[in-house]
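File shown: work.txt (compact mmCIF, C-alpha atoms (C1' of nucleotides)).
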# COMPACT_ATOMS: atom_id res chain seq x y z
CA MET A 105 105.35 140.97 103.78
CA GLN A 106 104.44 141.09 107.42
CA ILE A 107 106.93 139.24 109.62
CA GLU A 108 106.34 138.30 113.24
CA ILE A 109 108.74 136.84 115.74
CA ASP A 110 108.33 135.58 119.28
CA PRO A 111 110.98 136.84 121.71
CA LEU A 112 109.90 134.20 124.24
CA SER A 113 110.43 131.29 121.89
CA ASP A 114 113.29 128.89 122.51
CA VAL A 115 114.17 129.33 118.84
CA ALA A 116 116.90 131.92 118.26
CA LEU A 117 115.68 135.30 116.96
CA TYR A 118 117.83 135.20 113.84
CA GLN A 119 116.58 131.68 113.18
CA GLN A 120 112.97 132.80 113.45
CA LEU A 121 113.60 135.65 111.02
CA ARG A 122 115.23 133.25 108.61
CA ASP A 123 112.34 130.77 108.97
CA ARG A 124 109.73 133.46 108.28
CA VAL A 125 111.51 134.57 105.12
CA VAL A 126 111.81 130.96 103.94
CA GLU A 127 108.11 130.43 104.54
CA GLY A 128 107.41 133.71 102.79
CA ILE A 129 109.23 132.49 99.71
CA ALA A 130 107.50 129.12 99.84
CA GLY A 131 104.13 130.84 100.18
CA GLY A 132 104.78 133.27 97.36
CA GLU A 133 104.58 136.39 99.53
CA LEU A 134 108.20 136.93 98.58
CA ARG A 135 109.12 136.44 94.97
CA VAL A 136 112.32 136.59 92.97
CA GLY A 137 113.56 140.16 92.87
CA ASP A 138 111.50 141.32 95.83
CA GLN A 139 113.33 143.63 98.16
CA LEU A 140 113.83 142.57 101.76
CA ALA A 141 113.50 145.20 104.48
CA PRO A 142 116.83 146.84 105.40
CA VAL A 143 118.49 145.38 108.47
CA ARG A 144 118.01 148.64 110.38
CA THR A 145 114.30 148.70 109.62
CA LEU A 146 113.68 145.16 110.82
CA ALA A 147 115.86 145.71 113.87
CA ALA A 148 113.88 148.82 114.80
CA GLN A 149 110.57 147.10 114.08
CA PHE A 150 111.27 144.28 116.52
CA GLY A 151 113.43 146.23 118.92
CA ILE A 152 116.34 143.90 118.35
CA ASN A 153 119.92 144.38 117.30
CA ILE A 154 121.10 145.06 113.77
CA ALA A 155 123.65 142.28 114.04
CA THR A 156 120.88 139.78 114.81
CA VAL A 157 119.02 140.69 111.63
CA GLY A 158 122.31 140.69 109.77
CA LYS A 159 122.94 137.16 110.92
CA ALA A 160 119.58 136.05 109.58
CA TYR A 161 120.36 137.64 106.20
CA ASP A 162 123.78 136.02 106.35
CA LEU A 163 122.13 132.63 106.74
CA LEU A 164 119.71 133.24 103.89
CA ARG A 165 122.57 134.31 101.65
CA SER A 166 124.57 131.20 102.49
CA GLU A 167 121.53 129.15 101.54
CA GLY A 168 121.32 130.93 98.22
CA LEU A 169 117.83 132.23 98.94
CA VAL A 170 118.70 135.91 98.80
CA ARG A 171 121.33 137.91 96.99
CA THR A 172 122.71 141.10 98.39
CA ASN A 173 124.21 144.10 96.64
CA ARG A 174 125.99 146.04 99.32
CA THR A 175 124.32 149.35 98.57
CA SER A 176 120.98 148.39 97.12
CA GLY A 177 119.97 145.93 99.78
CA SER A 178 118.95 142.28 99.75
CA VAL A 179 116.57 140.71 97.26
CA VAL A 180 115.01 137.28 96.95
CA ALA A 181 117.11 135.15 94.64
CA ARG A 182 115.23 131.87 94.45
CA ALA A 183 111.65 130.88 93.68
CA PRO A 184 109.52 127.79 94.27
CA HIS A 185 109.26 125.53 91.28
CA ASP A 186 105.86 126.41 89.87
CA ASP A 187 104.91 123.44 87.76
CA ALA A 188 101.67 124.98 86.53
CA GLU A 189 101.05 128.07 84.45
CA GLY A 190 103.49 129.83 82.15
CA THR A 191 103.72 132.75 84.61
CA GLY A 192 104.38 135.28 81.87
CA PRO A 193 107.48 137.31 82.87
CA ALA A 194 108.48 134.80 85.54
CA ALA A 195 111.98 133.51 86.23
CA LEU A 196 113.38 137.01 86.41
CA GLU A 197 116.63 135.58 87.67
CA GLY A 198 118.31 132.23 87.45
CA VAL A 199 117.23 129.83 90.12
CA GLY A 200 120.27 127.63 90.07
CA ALA A 201 119.09 124.69 92.18
CA TRP A 202 120.72 124.05 95.50
CA ASP A 203 123.86 122.16 96.28
CA GLY A 204 123.64 118.38 96.43
CA SER A 205 125.10 118.08 99.90
CA ALA A 206 122.77 120.81 101.11
CA ARG A 207 119.88 118.80 99.78
CA ASP A 208 121.21 115.70 101.52
CA ALA A 209 121.33 117.57 104.80
CA TRP A 210 117.77 118.71 104.22
CA VAL A 211 116.60 115.16 103.61
CA ARG A 212 118.32 114.07 106.80
CA ARG A 213 116.61 116.82 108.75
CA LEU A 214 113.27 115.94 107.21
CA ALA A 215 113.77 112.29 108.14
CA THR A 216 114.47 113.19 111.75
CA VAL A 217 111.28 115.24 112.00
CA LEU A 218 109.29 112.46 110.39
CA ALA A 219 110.81 109.90 112.76
CA GLU A 220 109.60 112.04 115.62
CA GLY A 221 106.04 111.82 114.40
CA VAL A 222 106.27 108.09 113.79
CA ALA A 223 107.80 107.45 117.21
CA GLN A 224 104.97 109.39 118.79
CA GLY A 225 102.48 107.00 117.26
CA GLU A 226 101.34 109.15 114.38
CA GLN A 227 100.01 107.03 111.54
CA ASP A 228 101.76 107.16 108.18
CA ALA A 229 98.53 108.26 106.53
CA ALA A 230 98.13 111.10 109.01
CA ILE A 231 101.68 112.26 108.37
CA THR A 232 101.38 112.23 104.59
CA ALA A 233 98.05 114.03 104.94
CA THR A 234 99.71 116.75 107.00
CA VAL A 235 102.52 117.04 104.48
CA ASP A 236 100.09 117.25 101.58
CA ALA A 237 98.00 119.85 103.37
CA THR A 238 101.07 121.95 104.12
CA LEU A 239 102.39 121.79 100.57
CA HIS A 240 98.95 122.59 99.21
CA ALA A 241 98.69 125.57 101.53
CA PHE A 242 101.95 126.89 100.14
CA SER A 243 100.95 126.49 96.51
CA ALA A 244 97.51 127.96 97.15
CA SER A 245 99.14 130.92 98.85
CA ARG A 246 101.44 131.35 95.88
CA GLN A 247 98.49 131.27 93.55
CA HIS A 248 96.72 133.89 95.63
CA ALA A 249 99.78 136.12 95.79
CA ASN A 250 100.08 135.76 92.05
CA ASP A 251 96.56 137.04 91.48
CA GLU A 252 97.18 139.95 93.80
CA ARG A 253 100.13 141.07 91.73
CA LYS A 254 98.15 140.99 88.53
CA SER A 255 95.41 143.28 89.78
CA GLN A 256 97.64 145.68 91.70
CA GLY A 257 101.35 145.85 91.14
CA GLY A 258 102.26 146.24 94.79
CA SER A 259 105.63 145.82 96.41
CA ALA A 260 106.02 142.94 98.81
CA ASP A 261 107.81 144.99 101.37
CA GLU A 262 106.52 148.31 102.61
CA HIS A 263 109.05 149.91 104.88
CA MET B 288 120.89 99.03 118.92
CA GLN B 289 124.04 100.58 117.55
CA ILE B 290 124.15 104.34 118.02
CA GLU B 291 126.60 106.66 116.34
CA ILE B 292 127.19 110.34 116.90
CA ASP B 293 129.36 112.91 115.18
CA PRO B 294 131.39 115.10 117.55
CA LEU B 295 132.13 117.49 114.68
CA SER B 296 128.50 118.12 113.84
CA ASP B 297 126.96 121.49 114.60
CA VAL B 298 124.12 119.60 116.24
CA ALA B 299 124.53 119.29 120.03
CA LEU B 300 125.70 115.89 121.26
CA TYR B 301 122.70 115.34 123.51
CA GLN B 302 120.45 116.29 120.59
CA GLN B 303 122.13 113.74 118.34
CA LEU B 304 121.70 111.03 120.95
CA ARG B 305 118.04 111.94 121.29
CA ASP B 306 117.58 111.94 117.51
CA ARG B 307 119.17 108.51 117.14
CA VAL B 308 116.89 107.03 119.80
CA VAL B 309 113.83 108.60 118.16
CA GLU B 310 114.86 107.16 114.81
CA GLY B 311 115.51 103.82 116.51
CA ILE B 312 111.96 103.78 117.83
CA ALA B 313 110.53 104.83 114.46
CA GLY B 314 112.56 102.10 112.73
CA GLY B 315 111.56 99.42 115.22
CA GLU B 316 115.09 98.76 116.45
CA LEU B 317 113.83 99.95 119.81
CA ARG B 318 110.48 98.66 120.94
CA VAL B 319 108.25 99.22 123.93
CA GLY B 320 109.90 97.81 127.02
CA ASP B 321 113.38 97.67 125.50
CA GLN B 322 116.11 98.73 127.85
CA LEU B 323 118.25 101.72 126.94
CA ALA B 324 121.95 101.58 127.68
CA PRO B 325 122.87 103.04 131.09
CA VAL B 326 124.10 106.61 130.97
CA ARG B 327 127.55 105.56 132.11
CA THR B 328 127.83 102.99 129.36
CA LEU B 329 126.93 105.39 126.60
CA ALA B 330 129.16 108.09 128.06
CA ALA B 331 132.11 105.70 128.10
CA GLN B 332 131.31 104.41 124.62
CA PHE B 333 131.47 107.86 123.08
CA GLY B 334 134.00 109.34 125.46
CA ILE B 335 131.57 112.03 126.51
CA ASN B 336 130.21 113.17 129.83
CA ILE B 337 127.52 111.38 131.82
CA ALA B 338 125.57 114.60 132.20
CA THR B 339 125.40 114.94 128.41
CA VAL B 340 123.81 111.51 128.06
CA GLY B 341 121.58 112.30 131.03
CA LYS B 342 120.34 115.38 129.24
CA ALA B 343 119.41 113.33 126.21
CA TYR B 344 117.47 110.88 128.39
CA ASP B 345 115.88 113.86 130.12
CA LEU B 346 114.64 115.12 126.78
CA LEU B 347 113.30 111.74 125.75
CA ARG B 348 111.48 111.43 129.05
CA SER B 349 109.92 114.86 128.69
CA GLU B 350 108.68 113.79 125.26
CA GLY B 351 107.13 110.69 126.75
CA LEU B 352 109.23 108.38 124.61
CA VAL B 353 111.00 106.66 127.47
CA ARG B 354 110.09 105.93 131.05
CA THR B 355 112.70 105.67 133.75
CA ASN B 356 112.67 103.74 137.01
CA ARG B 357 115.49 105.19 139.02
CA THR B 358 117.17 101.87 139.78
CA SER B 359 116.25 99.67 136.85
CA GLY B 360 117.19 102.12 134.13
CA SER B 361 115.32 103.62 131.21
CA VAL B 362 113.00 101.75 128.90
CA VAL B 363 111.18 102.67 125.72
CA ALA B 364 107.65 103.77 126.58
CA ARG B 365 106.08 104.48 123.21
CA ALA B 366 105.73 102.58 119.96
CA PRO B 367 104.93 103.51 116.38
CA HIS B 368 101.33 102.93 115.40
CA ASP B 369 101.50 99.67 113.46
CA ASP B 370 98.37 99.69 111.37
CA ALA B 371 98.98 96.26 109.92
CA GLU B 372 99.21 92.87 111.62
CA GLY B 373 97.76 91.88 114.99
CA THR B 374 101.29 91.80 116.43
CA GLY B 375 100.37 89.09 118.95
CA PRO B 376 101.63 90.20 122.38
CA ALA B 377 102.19 93.76 121.24
CA ALA B 378 101.22 96.90 123.12
CA LEU B 379 103.02 95.76 126.26
CA GLU B 380 102.49 99.17 127.77
CA GLY B 381 100.04 101.97 127.19
CA VAL B 382 101.08 104.29 124.41
CA GLY B 383 99.07 107.28 125.51
CA ALA B 384 99.33 109.51 122.45
CA TRP B 385 101.21 112.76 122.75
CA ASP B 386 100.04 116.09 123.98
CA GLY B 387 98.05 118.24 121.58
CA SER B 388 100.28 121.28 121.89
CA ALA B 389 103.33 119.08 121.41
CA ARG B 390 101.79 117.81 118.22
CA ASP B 391 101.08 121.36 117.11
CA ALA B 392 104.71 122.27 117.66
CA TRP B 393 105.73 119.25 115.64
CA VAL B 394 103.48 120.26 112.76
CA ARG B 395 104.98 123.73 112.86
CA ARG B 396 108.48 122.32 112.74
CA LEU B 397 107.52 120.02 109.90
CA ALA B 398 106.04 122.95 107.98
CA THR B 399 109.25 124.93 108.35
CA VAL B 400 111.35 122.08 106.98
CA LEU B 401 108.94 121.60 104.09
CA ALA B 402 109.00 125.32 103.35
CA GLU B 403 112.74 125.08 103.08
CA GLY B 404 112.46 122.45 100.38
CA VAL B 405 109.81 124.40 98.50
CA ALA B 406 111.79 127.64 98.68
CA GLN B 407 114.81 125.82 97.26
CA GLY B 408 112.78 124.88 94.22
CA GLU B 409 111.99 121.32 95.13
CA GLN B 410 108.84 120.14 93.39
CA ASP B 411 105.88 119.09 95.50
CA ALA B 412 105.93 115.65 93.92
CA ALA B 413 109.60 115.22 94.77
CA ILE B 414 108.95 116.20 98.35
CA THR B 415 106.03 113.84 98.85
CA ALA B 416 108.08 111.11 97.21
CA THR B 417 110.89 111.69 99.70
CA VAL B 418 108.43 111.65 102.57
CA ASP B 419 106.81 108.45 101.36
CA ALA B 420 110.19 106.80 100.88
CA THR B 421 111.28 107.79 104.37
CA LEU B 422 108.10 106.55 106.00
CA HIS B 423 108.27 103.34 104.03
CA ALA B 424 111.87 102.82 105.12
CA PHE B 425 110.78 103.11 108.73
CA SER B 426 107.92 100.65 108.42
CA ALA B 427 110.04 98.22 106.43
CA SER B 428 112.70 98.43 109.10
CA ARG B 429 110.07 97.75 111.75
CA GLN B 430 108.90 94.73 109.81
CA HIS B 431 112.43 93.45 109.56
CA ALA B 432 113.11 94.00 113.25
CA ASN B 433 109.88 92.18 113.98
CA ASP B 434 110.98 89.11 112.08
CA GLU B 435 114.33 89.15 113.83
CA ARG B 436 112.63 88.97 117.19
CA LYS B 437 110.53 86.03 116.18
CA SER B 438 113.46 83.87 115.13
CA GLN B 439 115.82 84.85 117.92
CA GLY B 440 114.60 86.55 121.06
CA GLY B 441 117.49 88.98 121.27
CA SER B 442 117.77 92.07 123.40
CA ALA B 443 117.95 95.38 121.60
CA ASP B 444 120.73 96.66 123.75
CA GLU B 445 123.84 94.66 124.50
CA HIS B 446 125.94 96.40 127.11
C1' DG C 47 123.29 93.56 155.51
C1' DC C 48 126.34 94.25 151.62
C1' DA C 49 127.94 95.04 146.90
C1' DG C 50 126.71 96.56 142.64
C1' DT C 51 123.86 99.01 139.50
C1' DT C 52 120.71 102.56 138.33
C1' DG C 53 119.31 107.58 137.47
C1' DT C 54 119.95 111.92 139.43
C1' DA C 55 121.83 116.11 141.90
C1' DC C 56 125.36 119.06 142.95
C1' DT C 57 129.47 122.28 142.30
C1' DA C 58 132.72 124.29 139.40
C1' DT C 59 134.92 125.39 135.07
C1' DA C 60 135.83 126.30 130.14
C1' DA C 61 134.23 127.25 125.60
C1' DC C 62 130.96 128.72 122.70
C1' DT C 63 126.67 131.05 121.17
C1' DA C 64 123.00 134.57 121.19
C1' DC C 65 122.15 139.06 121.77
C1' DC C 66 123.07 143.65 122.68
C1' DA C 67 125.37 148.55 122.20
C1' DG C 68 127.87 151.64 119.69
C1' DT C 69 130.79 152.98 116.15
C1' DA C 70 132.70 152.96 111.70
C1' DC C 71 133.39 152.18 106.79
C1' DA C 72 132.83 151.22 101.65
C1' DA C 73 129.71 151.51 97.96
C1' DG C 74 126.15 153.14 95.37
C1' DC C 75 122.04 156.51 94.46
C1' DG C 76 119.79 161.07 93.86
C1' DC D 235 127.31 165.94 99.25
C1' DG D 236 123.72 163.58 101.86
C1' DC D 237 121.46 159.45 102.36
C1' DT D 238 120.92 154.57 102.47
C1' DT D 239 122.79 150.13 102.00
C1' DG D 240 125.25 145.92 104.01
C1' DT D 241 129.13 144.84 106.63
C1' DA D 242 132.84 144.89 110.15
C1' DC D 243 134.69 145.87 114.39
C1' DT D 244 135.16 146.08 119.65
C1' DG D 245 133.20 145.11 123.98
C1' DG D 246 129.97 143.41 127.07
C1' DT D 247 126.11 140.24 129.22
C1' DA D 248 123.70 136.15 129.49
C1' DG D 249 122.69 131.55 128.46
C1' DT D 250 123.97 126.97 126.60
C1' DT D 251 126.99 123.06 125.86
C1' DA D 252 130.13 120.05 127.57
C1' DT D 253 133.48 118.92 130.81
C1' DA D 254 135.17 116.85 135.66
C1' DG D 255 134.40 114.96 139.92
C1' DT D 256 131.66 113.75 143.79
C1' DA D 257 127.69 112.17 146.03
C1' DC D 258 123.16 110.17 147.00
C1' DA D 259 118.66 107.37 146.94
C1' DA D 260 116.67 103.23 145.41
C1' DC D 261 116.36 98.80 143.79
C1' DT D 262 118.59 93.83 142.60
C1' DG D 263 121.13 89.90 143.77
C1' DC D 264 123.87 87.50 146.96

In structure tokens, how does this file's structure come out?
Amino acid sequence: MQIEIDPLSDVALYQQLRDRVVEGIAGGELRVGDQLAPVRTLAAQFGINIATVGKAYDLLRSEGLVRTNRTSGSVVARAPHDDAEGTGPAALEGVGAWDGSARDAWVRRLATVLAEGVAQGEQDAAITATVDATLHAFSASRQHANDERKSQGGSADEH
Amino acid sequence: MQIEIDPLSDVALYQQLRDRVVEGIAGGELRVGDQLAPVRTLAAQFGINIATVGKAYDLLRSEGLVRTNRTSGSVVARAPHDDAEGTGPAALEGVGAWDGSARDAWVRRLATVLAEGVAQGEQDAAITATVDATLHAFSASRQHANDERKSQGGSADEH
DNA sequence: GCAGTTGTACTATAACTACCAGTACAAGCG
DNA sequence: CGCTTGTACTGGTAGTTATAGTACAACTGC
């Protein structure tokens, strides 16, 4: 998976890294068991500090999205709920659903973002359309990534 | 409007204030022309610094949500798009729709939050349901606030 | 004009965060 | 053993958050 970050953004570097990985999982570019690039590799790739990458991985681990085995690196630990298709050898590892309070916090955060759109005069229909389009983009991307794997068993992370 | 903030939250105080005002506008508790509490009043109410409240107002102004006339205080400058009902003497002031790039940034932020839910295994249907419920809560709240105004012409901000 | 209110600007300080640099270590793999 | 892995540590720089206190320009009401 190709990650890009913007050093000029007002969003913290480690936060951007974390966001890209989350989006990668949502979009299917990163699937359960996939290896994440070593902290040193990512740090060198972006010319940033190892500790910054480590902090991003720290965050992802605390969110239960990746699991890390000290010597073998970090791997994706959670997958989007794919309602369609039996996905043959899927569910390599237990998903485990996230913590209730974590979900509550997520709902709160979602509500705040939605309130922003509403306050700015965005119509409800326009908002739901944007949400639907975004979710559909994710599932379509997952579908596409799925097909890729079937034709060529490639790794998601060339480093 | 009754605002509450959590000094123990990891979210910055000025950000919380800004979020509450945004949600107030989305929920109709704050409407176009409504006066916001003076910075000194809010600062005293929460036992925080004037500059902190000023920063929140600064943010809201830069987002075009409030307009400020140096001596008369800050007032709400933007209203949710109410698709239903003629709302009689509504649209007291021009709404003006937000900047295109600002909207793009909002869509990006929304996508990141949605990705988080998807990555955590939340089903698309569950997400859209949450979004719909949140949007409905806002519009219902607006409706309610609207009725309140009709029966008793109260100010939104008693200070 | 005067008193009061409003948002804003300024300085200065303390605490915390983000990021960096370098080094070091424990644990597993080949 | 050599290599890679994540992690931990110290130390430093810069920026942000929040504080305190003072001050000012502009408008309202008397």

Point to revise | Selection: 12 Å around Arg165 in chain A, only C-alpha atoms (C1' of nucleotides), excl. self and same-chain fewer than 2 positions, as a PyMOL selection string | key: chain A and resi 122+125-126+158-163+167-173+178-182

Check your understanding: In file coordinates, which residues lie within 8 Å of (117.4, 94.1, 141.5) using all atoms listed in the file, given as a PyMOL selection string?
Key -> (chain B and resi 358-359) or (chain D and resi 261-263)

Check your understanding: Within 12 Å of chain D, which residues of chain B show up when using all atoms listed in the file, listed as a list in words?
Key -> Pro294, Asp297, Val298, Ala299, Leu300, Tyr301, Gln302, Ala330, Gly334, Ile335, Asn336, Ile337, Ala338, Thr339, Val340, Lys342, Asn356, Arg357, Thr358, Ser359 and Gly360 of chain B

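The gap separating CA of His185 in chain A from CA of Gln410 in chain B is 5.8 Å, in Å to one decimal.
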
Practice item. Give me, as a ChimeraX atom specification, the contact residues of chain B against chain A at a cut-off of 10 Å, counting all atoms listed in the file. Key: /B:306-315,317-318,350-352,364-370,382-386,390,393-412,414-415,417-423,425-426

Once you count all atoms listed in the file, what closest atom pair and distance in Å to one decimal does each residue of chain C within 10 Å of chain A have, with rows by chain and rising residue number, as a Markdown table?
| residue | atom | partner | partner_atom | distance |
| --- | --- | --- | --- | --- |
| C:DA64 | C1' | A:Ala116 | CA | 7.3 |
| C:DC65 | C1' | A:Thr156 | CA | 7.1 |
| C:DC66 | C1' | A:Asn153 | CA | 6.3 |
| C:DA67 | C1' | A:Asn153 | CA | 8.4 |
| C:DA72 | C1' | A:Arg174 | CA | 8.9 |
| C:DA73 | C1' | A:Thr175 | CA | 5.8 |
| C:DG74 | C1' | A:Thr175 | CA | 5.3 |
| C:DC75 | C1' | A:Thr175 | CA | 8.6 |

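You will find CA of Leu121 in chain A at 7.7 Å from CA of Ile107 in chain A.
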